[in-house]
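Peer 1: Next comes the structure file my_file_36.pdb, holding PDB, C-alpha atoms and all ligand atoms.
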ATOM      1  CA  MET A   1     -81.194   7.948  83.029
ATOM      2  CA  ALA A   2     -84.746   8.390  84.244
ATOM      3  CA  ARG A   3     -87.512   8.433  81.679
ATOM      4  CA  LEU A   4     -90.641  10.482  81.347
ATOM      5  CA  ARG A   5     -93.317  10.300  78.753
ATOM      6  CA  GLY A   6     -94.799  13.461  77.265
ATOM      7  CA  GLU A   7     -98.355  13.835  76.002
ATOM      8  CA  GLY A   8     -97.256  12.376  72.678
ATOM      9  CA  GLU A   9     -96.178   8.838  72.161
ATOM     10  CA  GLU A  10     -92.466   9.587  72.061
ATOM     11  CA  GLU A  11     -90.333   8.905  75.082
ATOM     12  CA  VAL A  12     -87.965  11.573  76.354
ATOM     13  CA  ARG A  13     -84.825  10.728  78.255
ATOM     14  CA  LEU A  14     -83.964  12.852  81.267
ATOM     15  CA  PRO A  15     -80.768  13.065  83.305
ATOM     16  CA  ARG A  16     -81.335  11.583  86.760
ATOM     17  CA  ARG A  17     -82.127  14.362  89.223
ATOM     18  CA  GLY A  18     -78.908  15.531  90.857
ATOM     19  CA  ALA A  19     -76.736  13.568  88.440
ATOM     20  CA  GLY A  20     -73.704  15.373  87.023
ATOM     21  CA  PRO A  21     -72.052  18.602  88.086
ATOM     22  CA  VAL A  22     -74.632  20.951  86.498
ATOM     23  CA  SER A  23     -77.611  22.334  88.444
ATOM     24  CA  ARG A  24     -81.004  21.459  86.952
ATOM     25  CA  HIS A  25     -81.655  25.208  86.730
ATOM     26  CA  PHE A  26     -78.584  25.904  84.603
ATOM     27  CA  LEU A  27     -78.452  23.051  82.130
ATOM     28  CA  THR A  28     -77.903  25.552  79.318
ATOM     29  CA  ASP A  29     -76.008  28.862  79.005
ATOM     30  CA  ILE A  30     -77.550  32.185  80.002
ATOM     31  CA  VAL A  31     -78.057  34.643  77.128
ATOM     32  CA  TRP A  32     -76.939  37.773  78.953
ATOM     33  CA  PHE A  33     -78.323  40.142  76.326
ATOM     34  CA  ASN A  34     -81.826  38.722  76.870
ATOM     35  CA  ALA A  35     -81.412  38.708  80.663
ATOM     36  CA  ALA A  36     -80.358  42.384  80.679
ATOM     37  CA  GLY A  37     -83.200  43.204  78.305
ATOM     38  CA  PHE A  38     -85.857  41.589  80.520
ATOM     39  CA  LEU A  39     -84.388  43.302  83.604
ATOM     40  CA  ALA A  40     -84.535  46.700  81.900
ATOM     41  CA  LEU A  41     -88.033  45.973  80.601
ATOM     42  CA  HIS A  42     -89.315  45.168  84.088
ATOM     43  CA  ALA A  43     -87.670  48.286  85.553
ATOM     44  CA  ALA A  44     -89.437  50.335  82.878
ATOM     45  CA  GLY A  45     -92.679  48.455  83.596
ATOM     46  CA  LEU A  46     -92.446  49.403  87.295
ATOM     47  CA  ILE A  47     -91.904  53.044  86.368
ATOM     48  CA  GLY A  48     -94.965  52.704  84.141
ATOM     49  CA  VAL A  49     -97.063  51.421  87.056
ATOM     50  CA  VAL A  50     -95.940  54.376  89.206
ATOM     51  CA  ALA A  51     -96.684  56.778  86.336
ATOM     52  CA  GLY A  52    -100.125  55.219  85.920
ATOM     53  CA  LEU A  53    -100.881  55.626  89.631
ATOM     54  CA  LEU A  54     -99.449  59.097  90.174
ATOM     55  CA  TRP A  55     -99.561  61.343  87.134
ATOM     56  CA  ALA A  56    -101.203  59.698  84.111
ATOM     57  CA  LYS A  57    -104.706  60.837  83.122
ATOM     58  CA  LEU A  58    -107.577  58.532  84.072
ATOM     59  CA  LEU A  59    -108.445  57.972  80.415
ATOM     60  CA  THR A  60    -104.845  56.885  79.740
ATOM     61  CA  ASP A  61    -105.062  54.305  82.524
ATOM     62  CA  LEU A  62    -108.426  53.058  81.257
ATOM     63  CA  TRP A  63    -107.010  52.781  77.735
ATOM     64  CA  ALA A  64    -104.061  50.753  79.039
ATOM     65  CA  PHE A  65    -106.410  48.415  80.938
ATOM     66  CA  LEU A  66    -108.627  48.003  77.874
ATOM     67  CA  LEU A  67    -105.597  47.059  75.763
ATOM     68  CA  LEU A  68    -104.344  44.724  78.509
ATOM     69  CA  PHE A  69    -107.672  42.884  78.419
ATOM     70  CA  LEU A  70    -107.976  42.779  74.613
ATOM     71  CA  THR A  71    -104.361  41.698  74.026
ATOM     72  CA  GLY A  72    -104.737  39.162  76.821
ATOM     73  CA  GLN A  73    -107.769  37.667  75.098
ATOM     74  CA  ALA A  74    -105.863  37.612  71.797
ATOM     75  CA  VAL A  75    -103.287  35.420  73.546
ATOM     76  CA  VAL A  76    -105.716  33.281  75.565
ATOM     77  CA  ILE A  77    -108.528  32.858  73.044
ATOM     78  CA  GLY A  78    -106.565  33.462  69.851
ATOM     79  CA  ALA A  79    -103.027  32.118  70.057
ATOM     80  CA  HIS A  80    -103.926  29.490  72.637
ATOM     81  CA  ARG A  81    -107.390  28.055  72.036
ATOM     82  CA  LEU A  82    -107.960  28.911  68.396
ATOM     83  CA  TYR A  83    -104.529  28.467  66.842
ATOM     84  CA  ALA A  84    -102.590  26.147  69.184
ATOM     85  CA  HIS A  85    -105.481  23.800  70.022
ATOM     86  CA  ARG A  86    -108.095  24.406  67.300
ATOM     87  CA  ALA A  87    -110.778  24.466  70.022
ATOM     88  CA  PHE A  88    -113.190  26.387  67.741
ATOM     89  CA  LYS A  89    -113.384  27.995  64.312
ATOM     90  CA  ALA A  90    -113.288  31.750  63.748
ATOM     91  CA  ALA A  91    -114.571  34.070  61.026
ATOM     92  CA  TRP A  92    -111.863  35.951  59.143
ATOM     93  CA  VAL A  93    -112.804  39.243  60.871
ATOM     94  CA  LEU A  94    -112.133  37.664  64.249
ATOM     95  CA  ARG A  95    -108.900  36.075  63.001
ATOM     96  CA  LEU A  96    -107.711  39.454  61.678
ATOM     97  CA  ALA A  97    -108.497  41.116  65.019
ATOM     98  CA  ILE A  98    -106.668  38.314  66.853
ATOM     99  CA  VAL A  99    -103.562  38.643  64.643
ATOM    100  CA  LEU A 100    -103.418  42.442  65.143
ATOM    101  CA  LEU A 101    -104.071  42.278  68.890
ATOM    102  CA  HIS A 102    -101.611  39.411  69.288
ATOM    103  CA  THR A 103     -98.981  41.576  67.583
ATOM    104  CA  MET A 104     -99.875  44.311  70.072
ATOM    105  CA  ALA A 105     -99.291  41.796  72.890
ATOM    106  CA  GLY A 106     -95.680  41.482  71.704
ATOM    107  CA  GLN A 107     -95.171  37.779  72.512
ATOM    108  CA  ASN A 108     -93.323  36.842  69.314
ATOM    109  CA  SER A 109     -95.170  35.811  66.178
ATOM    110  CA  LEU A 110     -98.204  33.536  66.393
ATOM    111  CA  TYR A 111     -96.196  30.886  64.550
ATOM    112  CA  GLU A 112     -93.529  30.757  67.274
ATOM    113  CA  TRP A 113     -96.113  31.029  70.063
ATOM    114  CA  VAL A 114     -98.125  28.105  68.723
ATOM    115  CA  ARG A 115     -95.059  25.915  68.078
ATOM    116  CA  ASP A 116     -93.726  26.468  71.619
ATOM    117  CA  HIS A 117     -97.141  25.789  73.133
ATOM    118  CA  ARG A 118     -97.794  22.633  71.146
ATOM    119  CA  GLN A 119     -94.359  21.440  72.226
ATOM    120  CA  HIS A 120     -95.192  22.282  75.856
ATOM    121  CA  HIS A 121     -98.257  20.012  75.674
ATOM    122  CA  ARG A 122     -96.570  17.200  73.807
ATOM    123  CA  TYR A 123     -93.527  17.024  76.097
ATOM    124  CA  SER A 124     -94.944  18.522  79.307
ATOM    125  CA  ASP A 125     -92.576  18.683  82.257
ATOM    126  CA  THR A 126     -89.647  17.080  80.443
ATOM    127  CA  HIS A 127     -86.453  18.630  79.053
ATOM    128  CA  ALA A 128     -88.130  18.831  75.634
ATOM    129  CA  ASP A 129     -90.724  21.200  77.183
ATOM    130  CA  PRO A 130     -89.537  24.790  76.443
ATOM    131  CA  HIS A 131     -90.486  25.940  79.964
ATOM    132  CA  ASN A 132     -90.031  22.701  81.901
ATOM    133  CA  ILE A 133     -91.324  23.244  85.457
ATOM    134  CA  HIS A 134     -88.770  20.779  86.843
ATOM    135  CA  ARG A 135     -86.121  23.438  86.241
ATOM    136  CA  GLY A 136     -87.751  25.657  88.847
ATOM    137  CA  PHE A 137     -90.253  28.497  89.169
ATOM    138  CA  PHE A 138     -87.998  31.196  87.717
ATOM    139  CA  PHE A 139     -87.026  29.117  84.690
ATOM    140  CA  SER A 140     -90.629  28.197  83.827
ATOM    141  CA  HIS A 141     -91.784  31.797  84.337
ATOM    142  CA  VAL A 142     -89.204  33.840  82.444
ATOM    143  CA  GLY A 143     -85.789  32.159  82.736
ATOM    144  CA  TRP A 144     -86.417  29.976  79.666
ATOM    145  CA  LEU A 145     -86.423  33.146  77.538
ATOM    146  CA  MET A 146     -83.006  34.139  78.930
ATOM    147  CA  MET A 147     -81.204  30.855  78.284
ATOM    148  CA  ARG A 148     -80.099  28.831  75.321
ATOM    149  CA  LYS A 149     -82.659  26.176  74.446
ATOM    150  CA  HIS A 150     -82.051  22.675  75.779
ATOM    151  CA  PRO A 151     -80.896  20.417  72.894
ATOM    152  CA  LEU A 152     -84.064  18.343  73.291
ATOM    153  CA  VAL A 153     -86.226  21.463  72.864
ATOM    154  CA  VAL A 154     -84.459  22.202  69.588
ATOM    155  CA  GLU A 155     -84.578  18.598  68.377
ATOM    156  CA  LYS A 156     -88.221  17.903  69.253
ATOM    157  CA  GLY A 157     -89.336  21.384  68.225
ATOM    158  CA  ARG A 158     -88.405  20.663  64.613
ATOM    159  CA  ALA A 159     -90.898  17.781  64.557
ATOM    160  CA  ILE A 160     -93.917  19.760  65.815
ATOM    161  CA  ASP A 161     -96.625  19.689  63.149
ATOM    162  CA  MET A 162     -97.287  23.266  62.001
ATOM    163  CA  SER A 163     -98.842  22.450  58.630
ATOM    164  CA  ASP A 164    -102.238  23.942  59.532
ATOM    165  CA  ILE A 165    -100.600  27.185  60.648
ATOM    166  CA  GLU A 166     -98.501  27.354  57.482
ATOM    167  CA  GLU A 167    -101.748  27.316  55.485
ATOM    168  CA  ASP A 168    -103.122  30.355  57.347
ATOM    169  CA  LEU A 169    -102.333  33.445  55.284
ATOM    170  CA  LEU A 170    -102.918  35.955  58.097
ATOM    171  CA  VAL A 171    -100.581  34.140  60.481
ATOM    172  CA  MET A 172     -97.858  33.737  57.862
ATOM    173  CA  LEU A 173     -98.131  37.436  56.901
ATOM    174  CA  GLN A 174     -97.755  38.345  60.573
ATOM    175  CA  LYS A 175     -94.653  36.093  60.760
ATOM    176  CA  LYS A 176     -93.122  37.669  57.635
ATOM    177  CA  TYR A 177     -93.726  41.316  58.619
ATOM    178  CA  TYR A 178     -93.626  40.871  62.379
ATOM    179  CA  LYS A 179     -91.107  43.634  63.244
ATOM    180  CA  PHE A 180     -92.846  46.207  61.055
ATOM    181  CA  LEU A 181     -96.280  45.285  62.451
ATOM    182  CA  TYR A 182     -94.896  45.264  66.000
ATOM    183  CA  VAL A 183     -93.770  48.901  65.779
ATOM    184  CA  ILE A 184     -97.232  49.965  64.612
ATOM    185  CA  CYS A 185     -99.449  47.675  66.720
ATOM    186  CA  ALA A 186     -97.449  47.362  69.956
ATOM    187  CA  PHE A 187     -95.968  50.862  70.154
ATOM    188  CA  LEU A 188     -97.405  53.565  67.883
ATOM    189  CA  VAL A 189    -101.116  52.808  68.326
ATOM    190  CA  PRO A 190    -101.134  52.169  72.118
ATOM    191  CA  VAL A 191     -98.914  55.181  72.822
ATOM    192  CA  GLY A 192    -100.377  57.478  70.162
ATOM    193  CA  VAL A 193    -104.087  57.263  71.051
ATOM    194  CA  PRO A 194    -103.789  58.896  74.539
ATOM    195  CA  VAL A 195    -101.472  61.583  73.137
ATOM    196  CA  VAL A 196    -103.790  62.480  70.252
ATOM    197  CA  LEU A 197    -107.215  61.921  71.835
ATOM    198  CA  PHE A 198    -106.673  62.663  75.557
ATOM    199  CA  GLY A 199    -103.854  65.214  75.358
ATOM    200  CA  GLU A 200    -101.561  62.934  77.384
ATOM    201  CA  ASN A 201     -97.837  63.638  77.724
ATOM    202  CA  ILE A 202     -96.011  61.385  75.263
ATOM    203  CA  PHE A 203     -93.505  60.043  77.813
ATOM    204  CA  THR A 204     -96.271  59.222  80.308
ATOM    205  CA  SER A 205     -98.078  57.393  77.532
ATOM    206  CA  ILE A 206     -94.915  55.399  76.702
ATOM    207  CA  TRP A 207     -94.390  54.385  80.357
ATOM    208  CA  VAL A 208     -98.020  53.386  80.937
ATOM    209  CA  CYS A 209     -99.365  52.196  77.571
ATOM    210  CA  PHE A 210     -96.253  50.480  76.317
ATOM    211  CA  PHE A 211     -94.031  49.376  79.210
ATOM    212  CA  ALA A 212     -96.511  48.783  82.075
ATOM    213  CA  ARG A 213     -99.169  47.226  79.825
ATOM    214  CA  TYR A 214     -96.616  45.004  78.073
ATOM    215  CA  VAL A 215     -94.866  43.780  81.240
ATOM    216  CA  ALA A 216     -98.198  43.128  82.987
ATOM    217  CA  LEU A 217     -99.446  40.881  80.183
ATOM    218  CA  LEU A 218     -96.130  39.052  79.905
ATOM    219  CA  ASN A 219     -96.272  38.133  83.598
ATOM    220  CA  ILE A 220     -99.939  37.112  83.431
ATOM    221  CA  THR A 221     -99.148  34.816  80.491
ATOM    222  CA  TRP A 222     -95.998  33.408  82.108
ATOM    223  CA  SER A 223     -97.968  32.651  85.311
ATOM    224  CA  VAL A 224     -99.740  29.854  83.450
ATOM    225  CA  ASN A 225     -96.354  28.222  82.763
ATOM    226  CA  SER A 226     -95.092  28.711  86.333
ATOM    227  CA  LEU A 227     -97.831  29.112  88.970
ATOM    228  CA  ALA A 228    -100.315  26.802  87.212
ATOM    229  CA  HIS A 229     -97.681  24.034  87.171
ATOM    230  CA  ILE A 230     -96.842  24.413  90.879
ATOM    231  CA  TYR A 231     -99.885  25.409  92.953
ATOM    232  CA  GLY A 232    -103.274  23.746  93.203
ATOM    233  CA  CYS A 233    -104.985  20.391  92.963
ATOM    234  CA  ARG A 234    -105.080  17.796  90.194
ATOM    235  CA  PRO A 235    -108.706  16.656  89.868
ATOM    236  CA  TYR A 236    -108.297  15.028  86.434
ATOM    237  CA  HIS A 237    -104.754  13.600  86.398
ATOM    238  CA  LYS A 238    -102.575  13.411  89.468
ATOM    239  CA  GLY A 239     -99.568  12.335  87.398
ATOM    240  CA  MET A 240     -99.271  15.746  85.716
ATOM    241  CA  MET A 241     -97.580  18.855  87.071
ATOM    242  CA  ALA A 242    -100.354  21.075  85.635
ATOM    243  CA  ARG A 243    -102.801  22.072  88.386
ATOM    244  CA  ASP A 244    -106.122  23.827  89.031
ATOM    245  CA  HIS A 245    -106.101  26.884  91.300
ATOM    246  CA  PRO A 246    -108.836  29.560  91.568
ATOM    247  CA  LEU A 247    -106.379  32.380  92.366
ATOM    248  CA  VAL A 248    -104.294  31.590  89.276
ATOM    249  CA  ALA A 249    -107.561  31.412  87.293
ATOM    250  CA  CYS A 250    -108.467  34.917  88.581
ATOM    251  CA  LEU A 251    -105.087  36.242  87.513
ATOM    252  CA  THR A 252    -105.227  34.716  84.027
ATOM    253  CA  TRP A 253    -108.874  35.087  82.917
ATOM    254  CA  GLY A 254    -109.519  31.400  83.684
ATOM    255  CA  GLU A 255    -106.300  29.745  82.516
ATOM    256  CA  GLY A 256    -105.548  28.588  86.046
ATOM    257  CA  TRP A 257    -107.706  25.478  85.582
ATOM    258  CA  HIS A 258    -104.616  24.006  84.040
ATOM    259  CA  ASN A 259    -104.978  20.355  85.050
ATOM    260  CA  PHE A 260    -108.283  20.298  83.172
ATOM    261  CA  HIS A 261    -106.676  22.029  80.199
ATOM    262  CA  HIS A 262    -103.761  19.582  79.962
ATOM    263  CA  CYS A 263    -106.207  16.659  80.094
ATOM    264  CA  PHE A 264    -108.624  18.162  77.546
ATOM    265  CA  PRO A 265    -106.608  20.715  75.527
ATOM    266  CA  TYR A 266    -109.107  20.722  72.652
ATOM    267  CA  ASP A 267    -111.903  22.037  74.925
ATOM    268  CA  TYR A 268    -112.658  25.755  74.318
ATOM    269  CA  ARG A 269    -113.363  26.265  78.020
ATOM    270  CA  PRO A 270    -110.536  27.008  80.424
ATOM    271  CA  GLY A 271    -112.123  24.734  83.032
ATOM    272  CA  GLU A 272    -115.080  22.501  83.716
ATOM    273  CA  LEU A 273    -116.384  23.836  87.016
ATOM    274  CA  GLY A 274    -115.165  27.319  87.774
ATOM    275  CA  TRP A 275    -117.247  29.004  85.141
ATOM    276  CA  VAL A 276    -117.535  32.331  87.000
ATOM    277  CA  LEU A 277    -113.788  32.792  86.603
ATOM    278  CA  ASP A 278    -113.590  31.446  83.035
ATOM    279  CA  VAL A 279    -113.736  34.846  81.378
ATOM    280  CA  SER A 280    -112.218  33.663  78.115
ATOM    281  CA  GLY A 281    -114.650  30.720  77.823
ATOM    282  CA  ARG A 282    -117.636  33.032  78.257
ATOM    283  CA  LEU A 283    -116.166  35.394  75.677
ATOM    284  CA  VAL A 284    -115.878  32.579  73.105
ATOM    285  CA  GLU A 285    -119.581  31.800  73.726
ATOM    286  CA  LEU A 286    -120.402  35.478  73.177
ATOM    287  CA  LEU A 287    -118.412  35.480  69.932
ATOM    288  CA  GLU A 288    -120.394  32.407  68.849
ATOM    289  CA  ARG A 289    -123.670  34.269  69.494
ATOM    290  CA  TRP A 290    -122.382  37.126  67.334
ATOM    291  CA  GLY A 291    -121.579  34.666  64.524
ATOM    292  CA  LEU A 292    -117.812  35.174  64.790
ATOM    293  CA  ALA A 293    -116.969  31.776  66.330
ATOM    294  CA  SER A 294    -118.343  28.334  65.518
ATOM    295  CA  ASP A 295    -117.766  24.589  66.050
ATOM    296  CA  LEU A 296    -116.875  24.967  69.712
ATOM    297  CA  ARG A 297    -115.314  21.717  70.926
ATOM    298  CA  THR A 298    -115.848  20.309  74.422
ATOM    299  CA  ALA A 299    -114.896  17.166  76.262
ATOM    300  CA  SER A 300    -117.942  15.008  76.988
ATOM    301  CA  PRO A 301    -119.107  15.055  80.630
ATOM    302  CA  ALA A 302    -118.712  11.265  80.682
ATOM    303  CA  ALA A 303    -115.067  11.488  79.546
ATOM    304  CA  VAL A 304    -114.324  14.191  82.118
ATOM    305  CA  LEU A 305    -115.958  12.208  84.923
ATOM    306  CA  ARG A 306    -114.190   9.002  83.910
ATOM    307  CA  ARG A 307    -110.820  10.766  83.893
ATOM    308  CA  ALA A 308    -111.490  12.375  87.289
ATOM    309  CA  VAL A 309    -112.509   9.078  88.889
ATOM    310  CA  ILE A 310    -109.697   6.982  87.396
ATOM    311  CA  CYS A 311    -106.738   9.401  87.304
ATOM    312  CA  GLY A 312    -107.584  12.343  89.588
ATOM    313  CA  ASP A 313    -106.230  13.122  93.043
ATOM    314  CA  GLY A 314    -109.703  12.873  94.634
ATOM    315  CA  SER A 315    -110.367  16.635  94.703
ATOM    316  CA  HIS A 316    -113.056  16.498  91.987
ATOM    317  CA  PRO A 317    -116.565  16.768  93.522
ATOM    318  CA  ALA A 318    -117.597  13.580  91.696
ATOM    319  CA  ALA A 319    -114.544  11.585  92.749
ATOM    320  CA  PRO A 320    -115.253   8.753  95.216
ATOM    321  CA  THR A 321    -114.332   9.633  98.809
ATOM    322  CA  PRO A 322    -111.452   7.518 100.088
TER     323      PRO A 322
HETATM  324 ZN    ZN B   1     -99.046  23.870  80.915
HETATM  325 ZN    ZN B   2    -102.681  24.735  75.934
END
In structure tokens, how does this file's structure come out?
Peer 2:
Amino acid sequence: MARLRGEGEEEVRLPRRGAGPVSRHFLTDIVWFNAAGFLALHAAGLIGVVAGLLWAKLLTDLWAFLLLFLTGQAVVIGAHRLYAHRAFKAAWVLRLAIVLLHTMAGQNSLYEWVRDHRQHHRYSDTHADPHNIHRGFFFSHVGWLMMRKHPLVVEKGRAIDMSDIEEDLLVMLQKKYYKFLYVICAFLVPVGVPVVLFGENIFTSIWVCFFARYVALLNITWSVNSLAHIYGCRPYHKGMMARDHPLVACLTWGEGWHNFHHCFPYDYRPGELGWVLDVSGRLVELLERWGLASDLRTASPAAVLRRAVICGDGSHPAAPTP
């Protein structure tokens, strides 16, 4: 058995690569219902893209893009930086908006999202990581949602500390009434607004504002688990799979500076250097100016520099040239 150590102090045992008769991609059973569901969802999403390009009204397309951005920020700023990492504090108005927009994003309840993400950080790139990159691109992107969880994911997941989340009334209400809220926030509102306000055909609105919008955001979010663990450089820790890549950062509103994020997960900024592409970091600063966000946490420049010099792969501008 090979061993890897996650971000936490616990050690996770891994089967030696290639050992045993089972492929590393198929260590657990496929859940065919989920696989068929994601296939159908993506087919509907493609139809939605075609509908958006060919026959939807311009205002319908703009509405879908607006919701894509807002729901994306609810995931990136809300679920990720605020709730999973406590990178800043938010006024209750902002937290309410995040909970509603996160429900619109349709990525399970905030409780589940945060638990999976905290587990991803604690056991990164091991079998206890829900979307372990060592099981391949497809598994880390979407395959993990189509397969039974690895026993280590189940076992270690139970020990993830969620006490702070359990004290948050808004998050626990979302968890309790998730299906009811999902129908309203993710379907009725996005689809209904173009029909009522722009006179859009209801089926066109369903294709564009539900399916295409939903599938687009899912793939943007999943890209952080797949692309950002495969492509790019490792300026802060060359021993991690998480990487920095400007193209992935463009695609994900800044989340592509993933090596930085795994080294300093409590920092509200997606990355240290690529600030032009760090849309979500700039938005948190704007929310702070409006009095909706406070106590923004950052890694000290000295700590970042020290990490880059000692552990990085040499690609950081301040790293000594070999
Ligand atoms: Zn990651
Ligand atoms: Zn994170």
Peer 1: Pull out every residue that the PyMOL selection byres (((chain A and resi 91-107) around 6) and not hetatm) matches in the shown coordinates and put them as a list in words.
Peer 2: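 When the PyMOL selection byres (((chain A and resi 91-107) around 6) and not hetatm) is applied to the shown file, the picked residues are Thr71, Ala74, Gly78, Ala90, Asn108, Tyr182, Cys185, Ala186 and Leu292 of chain A.
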Peer 1: Using only C-alpha atoms and all ligand atoms, which of the listed residues (A:Ile133, A:Ile30, A:Ala43, A:Val75) sits closest to ligand ZN 2 (chain B)?
Peer 2: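 Ranked by minimum distance to ligand ZN 2 (chain B), first place goes to A:Val75.
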Peer 1: Would you compute the distance between atom CA of Thr298 of chain A and atom ZN of ligand ZN 2 (chain B)? Give it in Å to one decimal.
Peer 2: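 It comes out at 14.0 Å.
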Peer 1: Near Cys263 of chain A, within 9 Å and counting only C-alpha atoms, which residues show up once chain neighbours fewer than 5 positions away are dropped, as a ChimeraX atom specification?
Peer 2: /A:236-237,240,258,304,307
Peer 1: Name every residue that the PyMOL selection byres (((chain A and resi 48) around 9) and not hetatm) selects in this structure, writing the answer as a PyMOL selection string with chains first and numbers rising.
Peer 2: chain A and resi 43-47+49-53+204-213
Peer 1: Atom CA of Thr221 of chain A and atom CA of Gly72 of chain A, how far apart in Å?
Peer 2: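 Computed distance, atom CA of Gly72 of chain A to atom CA of Thr221 of chain A, equals 8.0 Å.
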Peer 1: Residues up to 10 Å from ligand ZN 1 (chain B), counting all atoms listed in the file: could you list those as a VMD selection string?
Peer 2: chain A and resid 117 to 118 120 to 121 124 to 125 129 131 to 133 140 223 to 229 240 to 243 255 to 259 261 to 262 265
Peer 1: Grab the atom CA of Met146 of chain A to atom CA of Val31 of chain A distance for me, in Å with one decimal place.
Peer 2: 5.3 Å
Peer 1: Applied to the shown file, which residues does the PyMOL selection byres (((chain A and resi 162) around 12) and not hetatm) return, written as an mmCIF file with C-alpha atoms, in the coordinates of the input?
Peer 2:
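What follows is the written file out03.cif:
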data_model
loop_
_atom_site.group_PDB
_atom_site.id
_atom_site.type_symbol
_atom_site.label_atom_id
_atom_site.label_comp_id
_atom_site.auth_asym_id
_atom_site.auth_seq_id
_atom_site.Cartn_x
_atom_site.Cartn_y
_atom_site.Cartn_z
ATOM 1 C CA TYR A 83 -104.529 28.467 66.842
ATOM 2 C CA ALA A 84 -102.590 26.147 69.184
ATOM 3 C CA HIS A 85 -105.481 23.800 70.022
ATOM 4 C CA LEU A 110 -98.204 33.536 66.393
ATOM 5 C CA TYR A 111 -96.196 30.886 64.550
ATOM 6 C CA GLU A 112 -93.529 30.757 67.274
ATOM 7 C CA TRP A 113 -96.113 31.029 70.063
ATOM 8 C CA VAL A 114 -98.125 28.105 68.723
ATOM 9 C CA ARG A 115 -95.059 25.915 68.078
ATOM 10 C CA ASP A 116 -93.726 26.468 71.619
ATOM 11 C CA HIS A 117 -97.141 25.789 73.133
ATOM 12 C CA ARG A 118 -97.794 22.633 71.146
ATOM 13 C CA GLN A 119 -94.359 21.440 72.226
ATOM 14 C CA GLY A 157 -89.336 21.384 68.225
ATOM 15 C CA ARG A 158 -88.405 20.663 64.613
ATOM 16 C CA ALA A 159 -90.898 17.781 64.557
ATOM 17 C CA ILE A 160 -93.917 19.760 65.815
ATOM 18 C CA ASP A 161 -96.625 19.689 63.149
ATOM 19 C CA SER A 163 -98.842 22.450 58.630
ATOM 20 C CA ASP A 164 -102.238 23.942 59.532
ATOM 21 C CA ILE A 165 -100.600 27.185 60.648
ATOM 22 C CA GLU A 166 -98.501 27.354 57.482
ATOM 23 C CA GLU A 167 -101.748 27.316 55.485
ATOM 24 C CA ASP A 168 -103.122 30.355 57.347
ATOM 25 C CA VAL A 171 -100.581 34.140 60.481
ATOM 26 C CA MET A 172 -97.858 33.737 57.862
#
Peer 1: For a quick check of understanding, using all atoms listed in the file, which of A:Gln73, A:Ser294, A:Ser109, A:Ser280 has the smallest distance to Gln174 of chain A?
Peer 2: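 Looking only at the distances to Gln174 of chain A, the closest residue turns out to be A:Ser109.
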